[in-house]
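Here is data.cif, consisting of mmCIF, C-alpha atoms:
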data_data
loop_
_atom_site.label_atom_id
_atom_site.label_comp_id
_atom_site.auth_asym_id
_atom_site.auth_seq_id
_atom_site.Cartn_x
_atom_site.Cartn_y
_atom_site.Cartn_z
CA MET A 1 -42.72 -87.86 149.22
CA ILE A 2 -44.48 -85.64 146.68
CA ASP A 3 -48.25 -85.48 147.17
CA ASP A 4 -50.50 -86.48 144.27
CA GLU A 5 -51.96 -82.98 144.00
CA TYR A 6 -48.54 -81.40 143.46
CA LEU A 7 -47.60 -84.02 140.86
CA LEU A 8 -50.83 -83.56 138.93
CA ALA A 9 -50.65 -79.79 139.15
CA ALA A 10 -47.03 -79.80 137.92
CA LEU A 11 -47.99 -81.96 134.93
CA ARG A 12 -50.91 -79.70 134.08
CA ILE A 13 -48.90 -76.49 134.41
CA ALA A 14 -46.14 -77.84 132.17
CA ALA A 15 -48.73 -79.03 129.64
CA GLY A 16 -50.29 -75.57 129.57
CA HIS A 17 -53.73 -76.95 130.33
CA ASP A 18 -56.05 -75.90 133.14
CA PRO A 19 -55.30 -72.15 132.88
CA VAL A 20 -56.38 -70.03 135.82
CA PRO A 21 -59.68 -68.30 134.88
CA ALA A 22 -59.48 -64.52 134.42
CA HIS A 23 -62.10 -63.86 137.11
CA VAL A 24 -60.02 -65.81 139.64
CA SER A 25 -56.93 -63.69 138.88
CA ALA A 26 -59.02 -60.52 139.06
CA ALA A 27 -60.42 -61.57 142.45
CA ALA A 28 -56.88 -62.31 143.67
CA ARG A 29 -55.69 -58.83 142.64
CA ASP A 30 -58.73 -57.20 144.27
CA THR A 31 -58.08 -59.07 147.53
CA PHE A 32 -55.35 -56.56 148.33
CA ALA A 33 -58.03 -53.92 149.01
CA LEU A 34 -58.90 -55.95 152.13
CA ARG A 35 -55.44 -55.45 153.66
CA LEU A 36 -55.51 -53.88 157.12
CA ALA A 37 -52.35 -51.86 157.75
CA GLN A 38 -52.51 -52.75 161.41
CA ALA A 39 -54.80 -55.12 163.27
CA ASP A 40 -54.79 -57.74 166.00
CA THR A 41 -55.95 -61.13 164.75
CA ALA A 42 -58.66 -63.13 166.50
CA ALA A 43 -58.35 -66.88 165.85
CA PRO A 44 -61.12 -69.46 166.13
CA ALA A 45 -61.57 -70.74 169.69
CA GLU A 46 -62.49 -74.41 170.12
CA SER A 47 -65.10 -74.15 172.84
CA VAL A 48 -68.27 -73.13 171.03
CA ALA A 49 -67.40 -74.26 167.54
CA THR A 50 -70.65 -76.11 166.89
CA ARG A 51 -74.08 -76.45 168.36
CA ASP A 52 -76.06 -79.67 168.81
CA THR A 53 -75.52 -81.76 165.67
CA ARG A 54 -79.16 -82.91 165.64
CA ASP A 55 -80.03 -79.42 164.55
CA ALA A 56 -78.11 -79.82 161.31
CA ASP A 57 -79.67 -76.85 159.52
CA GLY A 58 -79.85 -74.52 162.52
CA PRO A 59 -77.55 -71.61 163.30
CA ARG A 60 -73.86 -72.29 163.80
CA LEU A 61 -72.02 -70.62 166.61
CA VAL A 62 -68.37 -69.80 166.44
CA ARG A 63 -66.04 -67.79 168.64
CA PHE A 64 -62.96 -65.89 167.55
CA ALA A 65 -60.69 -64.56 170.26
CA THR A 66 -57.47 -62.77 171.07
CA GLN A 67 -56.08 -62.89 174.59
CA ASP A 68 -58.37 -60.11 175.78
CA PHE A 69 -61.12 -59.72 173.19
CA SER A 70 -63.66 -62.03 171.60
CA PHE A 71 -66.27 -62.20 168.86
CA ASP A 72 -69.19 -64.62 169.25
CA LEU A 73 -70.81 -65.13 165.87
CA GLU A 74 -74.04 -66.86 164.95
CA VAL A 75 -74.34 -67.87 161.31
CA THR A 76 -77.70 -68.65 159.73
CA ILE A 77 -78.63 -69.31 156.15
CA GLY A 78 -81.79 -68.18 154.41
CA ASP A 79 -82.58 -68.45 150.70
CA GLY A 80 -78.95 -69.18 149.93
CA LEU A 81 -77.74 -66.01 151.64
CA ILE A 82 -75.91 -65.63 154.92
CA ASP A 83 -77.18 -63.90 158.05
CA LEU A 84 -74.59 -63.01 160.62
CA ALA A 85 -75.30 -61.91 164.18
CA GLY A 86 -72.72 -61.42 166.85
CA ARG A 87 -71.43 -59.83 169.97
CA VAL A 88 -68.04 -58.56 171.06
CA THR A 89 -66.70 -58.81 174.62
CA PRO A 90 -65.61 -56.74 176.41
CA HIS A 91 -67.31 -53.68 174.96
CA PRO A 92 -64.56 -51.46 173.55
CA GLY A 93 -66.24 -48.19 174.60
CA ASP A 94 -68.05 -45.33 172.89
CA GLY A 95 -67.41 -44.75 169.22
CA ALA A 96 -66.57 -48.37 168.38
CA THR A 97 -67.68 -49.68 165.00
CA ILE A 98 -67.97 -53.09 163.38
CA ASP A 99 -67.17 -54.00 159.78
CA ILE A 100 -68.57 -57.25 158.44
CA ARG A 101 -66.37 -57.84 155.43
CA THR A 102 -66.62 -60.03 152.35
CA PRO A 103 -64.44 -59.71 149.24
CA HIS A 104 -67.41 -58.05 147.52
CA LEU A 105 -68.88 -55.73 150.14
CA THR A 106 -68.37 -54.37 153.62
CA VAL A 107 -71.28 -53.70 155.97
CA SER A 108 -70.47 -51.18 158.72
CA ARG A 109 -72.33 -50.81 161.99
CA ASP A 110 -71.97 -48.52 165.00
CA LEU A 111 -71.60 -50.76 168.03
CA PRO A 112 -74.43 -50.24 170.56
CA SER A 113 -73.86 -50.55 174.32
CA THR A 114 -74.98 -54.20 174.19
CA GLY A 115 -71.96 -55.02 172.01
CA GLN A 116 -74.28 -56.78 169.56
CA PHE A 117 -74.44 -56.42 165.80
CA ALA A 118 -76.07 -58.14 162.83
CA ALA A 119 -76.23 -58.15 159.05
CA THR A 120 -78.52 -60.16 156.79
CA GLY A 121 -78.62 -61.32 153.20
CA LEU A 122 -74.86 -61.49 152.69
CA PRO A 123 -73.40 -63.38 149.71
CA PRO A 124 -71.87 -66.80 150.58
CA GLY A 125 -68.10 -67.03 150.52
CA TRP A 126 -65.35 -65.58 152.66
CA PHE A 127 -66.04 -63.45 155.74
CA SER A 128 -64.14 -61.51 158.35
CA VAL A 129 -65.41 -59.22 161.10
CA VAL A 130 -63.38 -56.23 162.26
CA CYS A 131 -63.95 -54.20 165.40
CA HIS A 132 -62.55 -50.66 165.30
CA ARG A 133 -61.82 -49.49 168.85
CA PRO A 134 -61.12 -45.81 169.54
CA GLY A 135 -57.63 -45.49 170.98
CA PHE A 136 -56.71 -49.14 170.31
CA THR A 137 -55.60 -51.30 167.39
CA PRO A 138 -58.55 -52.80 165.47
CA VAL A 139 -59.23 -56.50 165.98
CA ALA A 140 -60.03 -58.68 162.95
CA THR A 141 -61.22 -62.27 162.89
CA ARG A 142 -59.34 -64.60 160.62
CA TRP A 143 -61.14 -65.22 157.32
CA VAL A 144 -63.75 -67.95 157.39
CA ARG A 145 -65.56 -69.54 154.45
CA ILE A 146 -69.34 -69.85 154.82
CA ARG A 147 -71.42 -71.65 152.19
CA PRO A 148 -74.93 -73.14 152.23
CA MET B 1 -46.14 -56.47 131.98
CA SER B 2 -44.35 -58.81 134.33
CA ASP B 3 -42.75 -57.58 137.53
CA HIS B 4 -39.07 -58.49 137.72
CA ARG B 5 -38.64 -58.03 141.44
CA LEU B 6 -37.64 -61.08 143.49
CA PRO B 7 -40.46 -62.85 145.35
CA GLU B 8 -39.16 -61.64 148.71
CA GLU B 9 -39.04 -58.06 147.39
CA LEU B 10 -42.63 -58.34 146.15
CA LEU B 11 -43.75 -59.68 149.52
CA LYS B 12 -41.99 -56.93 151.46
CA ALA B 13 -43.41 -54.21 149.20
CA ALA B 14 -46.93 -55.68 149.38
CA ALA B 15 -46.70 -55.79 153.17
CA ASP B 16 -45.84 -52.08 153.03
CA GLY B 17 -48.95 -51.35 150.96
CA ASP B 18 -47.66 -51.56 147.36
CA HIS B 19 -50.58 -52.85 145.29
CA SER B 20 -48.41 -53.38 142.18
CA ALA B 21 -46.22 -55.77 144.19
CA TRP B 22 -49.31 -57.76 145.18
CA THR B 23 -50.37 -57.85 141.52
CA GLY B 24 -46.86 -59.11 140.77
CA LEU B 25 -47.35 -61.98 143.22
CA VAL B 26 -50.71 -62.84 141.62
CA GLY B 27 -49.10 -62.89 138.17
CA ARG B 28 -46.16 -64.97 139.34
CA PHE B 29 -47.92 -67.56 141.50
CA GLY B 30 -51.66 -67.48 140.68
CA GLN B 31 -51.46 -70.25 138.09
CA ARG B 32 -49.78 -72.80 140.33
CA MET B 33 -52.20 -72.05 143.18
CA TRP B 34 -55.13 -72.69 140.84
CA SER B 35 -53.64 -75.91 139.49
CA VAL B 36 -52.84 -77.30 142.94
CA ALA B 37 -56.29 -76.49 144.34
CA HIS B 38 -57.98 -77.89 141.23
CA ALA B 39 -55.90 -81.07 141.45
CA CYS B 40 -57.43 -81.67 144.89
CA GLY B 41 -60.58 -82.75 143.05
CA LEU B 42 -62.70 -79.62 143.56
CA ASN B 43 -65.05 -78.17 140.96
CA GLU B 44 -64.24 -74.76 139.49
CA ALA B 45 -66.33 -72.73 141.96
CA ASP B 46 -64.78 -74.43 144.99
CA THR B 47 -61.31 -74.18 143.43
CA ALA B 48 -61.86 -70.42 143.04
CA ASP B 49 -62.89 -70.26 146.73
CA ALA B 50 -59.76 -72.16 147.79
CA VAL B 51 -57.49 -69.85 145.78
CA GLN B 52 -59.15 -66.76 147.19
CA GLY B 53 -58.83 -68.25 150.66
CA ALA B 54 -55.10 -68.72 150.13
CA TRP B 55 -54.71 -65.05 149.13
CA LEU B 56 -56.66 -64.02 152.24
CA ARG B 57 -54.27 -66.16 154.32
CA LEU B 58 -51.39 -64.24 152.74
CA LEU B 59 -53.06 -60.98 153.80
CA GLU B 60 -53.26 -62.34 157.35
CA ASN B 61 -49.57 -63.29 157.23
CA LEU B 62 -47.94 -60.50 155.21
CA HIS B 63 -45.56 -59.71 158.05
CA SER B 64 -45.11 -63.19 159.51
CA ILE B 65 -43.91 -65.45 156.68
CA ARG B 66 -40.72 -67.04 157.99
CA ASP B 67 -38.95 -67.41 154.65
CA PRO B 68 -40.06 -64.56 152.34
CA ALA B 69 -38.00 -65.94 149.42
CA SER B 70 -40.22 -69.02 149.33
CA VAL B 71 -43.51 -67.12 149.31
CA GLY B 72 -44.43 -68.96 146.07
CA ALA B 73 -44.17 -72.34 147.78
CA TRP B 74 -46.03 -70.90 150.77
CA LEU B 75 -48.91 -69.79 148.53
CA ALA B 76 -49.10 -73.18 146.76
CA THR B 77 -49.15 -74.87 150.17
CA ALA B 78 -51.86 -72.48 151.37
CA ALA B 79 -53.97 -73.20 148.27
CA ARG B 80 -53.67 -76.96 148.85
CA ARG B 81 -54.55 -76.60 152.53
CA GLU B 82 -57.66 -74.53 151.77
CA ALA B 83 -58.69 -76.93 148.99
CA LEU B 84 -58.37 -79.98 151.25
CA LEU B 85 -60.35 -78.19 153.98
CA ILE B 86 -63.13 -77.43 151.50
CA SER B 87 -63.15 -80.97 150.13
CA ARG B 88 -63.60 -82.43 153.64
CA ARG B 89 -65.98 -79.69 154.71
CA GLY B 90 -68.44 -79.95 157.55
CA ALA B 91 -69.88 -83.01 159.25
CA GLY B 92 -73.19 -82.48 157.45
CA LEU B 93 -73.77 -79.22 159.31
CA ARG B 94 -75.26 -76.32 157.40
CA PRO B 95 -74.20 -73.67 156.76
CA HIS B 96 -70.74 -75.07 156.16
CA LEU B 97 -68.07 -73.17 157.99
CA CYS B 98 -64.48 -73.66 156.92
CA LEU B 99 -62.55 -72.35 159.88
CA PRO B 100 -58.87 -71.60 159.41
CA GLU B 101 -56.59 -74.36 160.64
CA GLY B 102 -53.87 -73.76 163.19
CA GLY B 103 -51.36 -70.97 163.15
CA PRO B 104 -48.35 -70.18 160.97
CA PHE B 105 -47.15 -72.95 158.67
CA ASP B 106 -44.12 -73.58 156.50
CA PRO B 107 -44.33 -74.41 152.79
CA ASP B 108 -44.44 -78.08 151.76
CA PRO B 109 -41.02 -78.96 150.26
CA ALA B 110 -42.95 -81.06 147.69
CA SER B 111 -44.43 -77.88 146.20
CA LEU B 112 -41.03 -77.18 144.58
CA ILE B 113 -42.11 -79.64 141.88
CA LEU B 114 -44.25 -76.76 140.55
CA GLU B 115 -41.19 -74.84 139.32
CA ALA B 116 -41.12 -74.66 135.52
CA ASP B 117 -38.05 -76.83 134.95
CA GLU B 118 -39.42 -79.59 137.13
CA GLY B 119 -42.53 -79.88 134.96
CA ARG B 120 -40.42 -80.52 131.88
CA LEU B 121 -38.50 -83.29 133.66
CA LEU B 122 -41.76 -84.74 134.90
CA TRP B 123 -43.08 -85.09 131.34
CA GLN B 124 -39.84 -86.78 130.29
CA ALA B 125 -40.47 -89.27 133.08
CA VAL B 126 -44.06 -89.79 131.89
CA SER B 127 -42.79 -90.72 128.39
CA ALA B 128 -40.64 -93.39 130.01
CA LEU B 129 -43.63 -95.05 131.69
CA HIS B 130 -45.41 -98.07 130.20
CA GLU B 131 -49.08 -98.18 129.27
CA PRO B 132 -51.66 -97.59 130.56
CA CYS B 133 -49.82 -95.08 132.77
CA ARG B 134 -48.49 -92.97 129.93
CA THR B 135 -51.94 -92.45 128.41
CA LEU B 136 -53.71 -92.11 131.73
CA LEU B 137 -51.37 -89.40 133.02
CA ARG B 138 -51.56 -87.55 129.71
CA LEU B 139 -55.34 -87.60 129.94
CA VAL B 140 -55.62 -86.47 133.56
CA ALA B 141 -53.11 -83.71 132.87
CA THR B 142 -54.50 -82.41 129.58
CA VAL B 143 -58.23 -83.01 130.13
CA PRO B 144 -58.63 -81.95 133.78
CA GLU B 145 -62.42 -82.13 133.57
CA ALA B 146 -62.42 -85.77 132.38
CA GLY B 147 -64.43 -87.93 134.77
CA THR B 148 -63.76 -91.51 135.79
CA HIS B 149 -66.16 -92.87 133.18
CA GLN B 150 -64.54 -90.92 130.35
CA LEU B 151 -61.09 -92.09 131.44
CA ALA B 152 -62.30 -95.71 131.59
CA VAL B 153 -63.65 -95.51 128.04
CA ARG B 154 -60.46 -93.92 126.68
CA LEU B 155 -58.26 -96.50 128.42
CA GLY B 156 -60.51 -99.45 127.72
CA VAL B 157 -60.62 -100.51 131.35
CA PRO B 158 -63.53 -100.99 133.82
CA THR B 159 -64.65 -97.80 135.59
CA GLY B 160 -63.78 -99.31 138.98
CA SER B 161 -60.13 -99.76 138.08
CA VAL B 162 -59.48 -96.13 137.06
CA GLY B 163 -58.93 -94.90 140.63
CA PRO B 164 -56.47 -97.66 141.62
CA THR B 165 -54.67 -97.41 138.25
CA ARG B 166 -54.29 -93.66 138.68
CA LEU B 167 -52.79 -94.16 142.14
CA ARG B 168 -50.42 -96.83 140.82
CA CYS B 169 -49.30 -94.62 137.92
CA LEU B 170 -48.68 -91.61 140.15
CA ASN B 171 -46.65 -93.87 142.44
CA LYS B 172 -44.56 -95.09 139.50
CA LEU B 173 -43.96 -91.53 138.36
CA ARG B 174 -42.97 -90.52 141.88
CA THR B 175 -40.52 -93.43 142.09
CA LEU B 176 -39.03 -92.56 138.73
CA ILE B 177 -38.38 -88.92 139.53
CA SER B 178 -37.05 -89.64 143.03
CA GLN B 179 -34.55 -92.06 141.43
CA GLU B 180 -33.45 -89.31 139.06
CA GLU B 181 -32.97 -86.96 141.98
CA THR B 182 -30.61 -89.38 143.71
CA VAL B 183 -28.40 -89.77 140.64
CA PRO B 184 -25.36 -87.53 141.18
#
Let's see the structure in the file written out as structure tokens.
Amino acid sequence: MIDDEYLLAALRIAAGHDPVPAHVSAAARDTFALRLAQADTAAPAESVATRDTRDADGPRLVRFATQDFSFDLEVTIGDGLIDLAGRVTPHPGDGATIDIRTPHLTVSRDLPSTGQFAATGLPPGWFSVVCHRPGFTPVATRWVRIRP
Amino acid sequence: MSDHRLPEELLKAAADGDHSAWTGLVGRFGQRMWSVAHACGLNEADTADAVQGAWLRLLENLHSIRDPASVGAWLATAARREALLISRRGAGLRPHLCLPEGGPFDPDPASLILEADEGRLLWQAVSALHEPCRTLLRLVATVPEAGTHQLAVRLGVPTGSVGPTRLRCLNKLRTLISQEETVP
């Protein structure tokens, strides 16, 4: 069984229509700069995926975790931009830093003893948070798409 | 300049940090990823997001793709998965979060239809279809931005029948090419 999308795409490719826009190819090439040579991957955990649905425009909470490390993220939107606040557990120790990454910019923060971090006014799109831990492999969340 | 390395060689080199190999993968497979994501009914901005998402999934999986030789099919599958996630996004919650689904996945066998030779055979099959399917499939393939209303006008049918007709025509095409495949 061939899905409709594959059939349509195959017809369009063979017809030479629907060319991939240059900016999309450029973004794809630039994506390589986001490669981490070595990192543990934190996947979304089910438990705190959403808050009360009656608060449809309120912050969204999401947890990413490995077996022994977790990121709790709170996502809020203001004026079409993204605010991200979060906390890592357990605290990885002195000298740890956080990178909040998008394909366009990376915001770096020293991690205070509370394990909390925040960044505001980020462009909508794809996000990943990386915790650099002295003496250990960095931990990176999987990429998540956040749009208003 | 195109990169003549095999897909599995490009993947291995990219995983080892070779940016030119990554660029080679983009050149080789970027078009089909775009076309698949776009065919999921997304607008251009969301299609671009889906394609970028698929490349980010490749970054996450550079060392864990089970069959490196089929990285092209894997990327097309990833683009379709991200596009379908975006098109079903959120339950009205804002901001919309598209969380990655599940763990490692294998490429859809159906994505092999995106190979160049298959497209040529597909168009031969379209010419063998009766109307309105022949015209409808030509239109949806060559005027991707055509809406339901525009298609209805061109085909001379009511707007409400475009969706069902499109489904019926794609089914006929699917039947036709699967018959060809079973001929020895």
Tell me which protein, DNA and RNA residues are within 9 Å of Ser20 (chain B), counting all atoms listed in the file, leaving out same-chain ones fewer than 4 positions away, and put them as a list in words. Asp3, Leu10, Ala13, Ala14, Gly24 and Leu25 of chain B
Go ahead and write the residues just picked, C-alpha atoms, as a PDB file, in the frame of the given file.
ATOM      1  CA  ASP B   3     -42.750 -57.580 137.530  1.00  0.00           C
ATOM      2  CA  LEU B  10     -42.630 -58.340 146.150  1.00  0.00           C
ATOM      3  CA  ALA B  13     -43.410 -54.210 149.200  1.00  0.00           C
ATOM      4  CA  ALA B  14     -46.930 -55.680 149.380  1.00  0.00           C
ATOM      5  CA  GLY B  24     -46.860 -59.110 140.770  1.00  0.00           C
ATOM      6  CA  LEU B  25     -47.350 -61.980 143.220  1.00  0.00           C
TER       7      LEU B  25
END
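Of the listed residues B:Arg174, B:Gly147, B:His130, B:Gly119, the one whose atoms come nearest to Ala15 (chain A) is B:Gly119, with distances taken using all atoms listed in the file.
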Within 12 Å of (-48.3, -84.8, 147.9) in the file's own coordinates, which protein, DNA or RNA residues have an atom, counting all atoms listed in the file? List them as a PyMOL selection string. (chain A and resi 1-10) or (chain B and resi 36+39-40+76-77+80-81+84+108-114+167+170-171+174)
Could you tell me how far CA of Ala27 (chain A) lies from CA of Cys98 (chain B), in Å and to one decimal?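 Between these atoms lies a distance of 19.3 Å.
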Give the answer as one residue: which of B:Ile86, B:Leu62, B:Ala54, B:Leu99 has the shortest atom-to-atom distance to chain A, using only C-alpha atoms? B:Leu99
List the residues matched by the PyMOL selection byres ((chain A) within 7 of (chain B)) in the displayed structure as a ChimeraX atom specification, ordered by chain and then by residue number. /A:1-6,8-15,17-20,24-25,28-29,31-32,35,56-57,76-77,143-148
How far is it from CA of Pro107 (chain B) to CA of Ser64 (chain B), in Å with one decimal? 13.1 Å
For CA of Ala146 (chain B) and CA of Leu75 (chain B), the interatomic separation in Å (one decimal): 26.4 Å
All file atoms of region 116-133 of chain B boxed axis-aligned, 3 Å per side, centre plus edges, as lines of an AutoDock Vina configuration file:
center_x = -44.9
center_y = -86.4
center_z = 132.8
size_x = 19.6
size_y = 29.5
size_z = 14.7
Identify the residues within 9 Å of coordinate (-76.5, -64.4, 159.2) (same frame as the file), considering only C-alpha atoms, and give the answer as an MDAnalysis selection string. chainID A and resid 59 73:78 81:85 118:122
Counting all atoms listed in the file, figure out which residue out of A:Leu105, A:Phe117, A:Pro112, A:Pro21 gets nearest to Gly93 (chain A).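 Going through A:Leu105, A:Phe117, A:Pro112, A:Pro21 one by one, the smallest distance to Gly93 (chain A) is for A:Pro112.
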For Thr114 (chain A), which residue among A:Asp94, A:Asp99, A:Val130, A:Arg87 is the nearest when counting only C-alpha atoms?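 Using only C-alpha atoms, Thr114 (chain A) sits closest to A:Arg87.
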Residue nearest His104 (chain A) among A:Ala33, A:Gly80, A:Val62, A:Gly16 (counting all atoms listed in the file):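 Using all atoms listed in the file, the shortest distance to His104 (chain A) belongs to A:Ala33.
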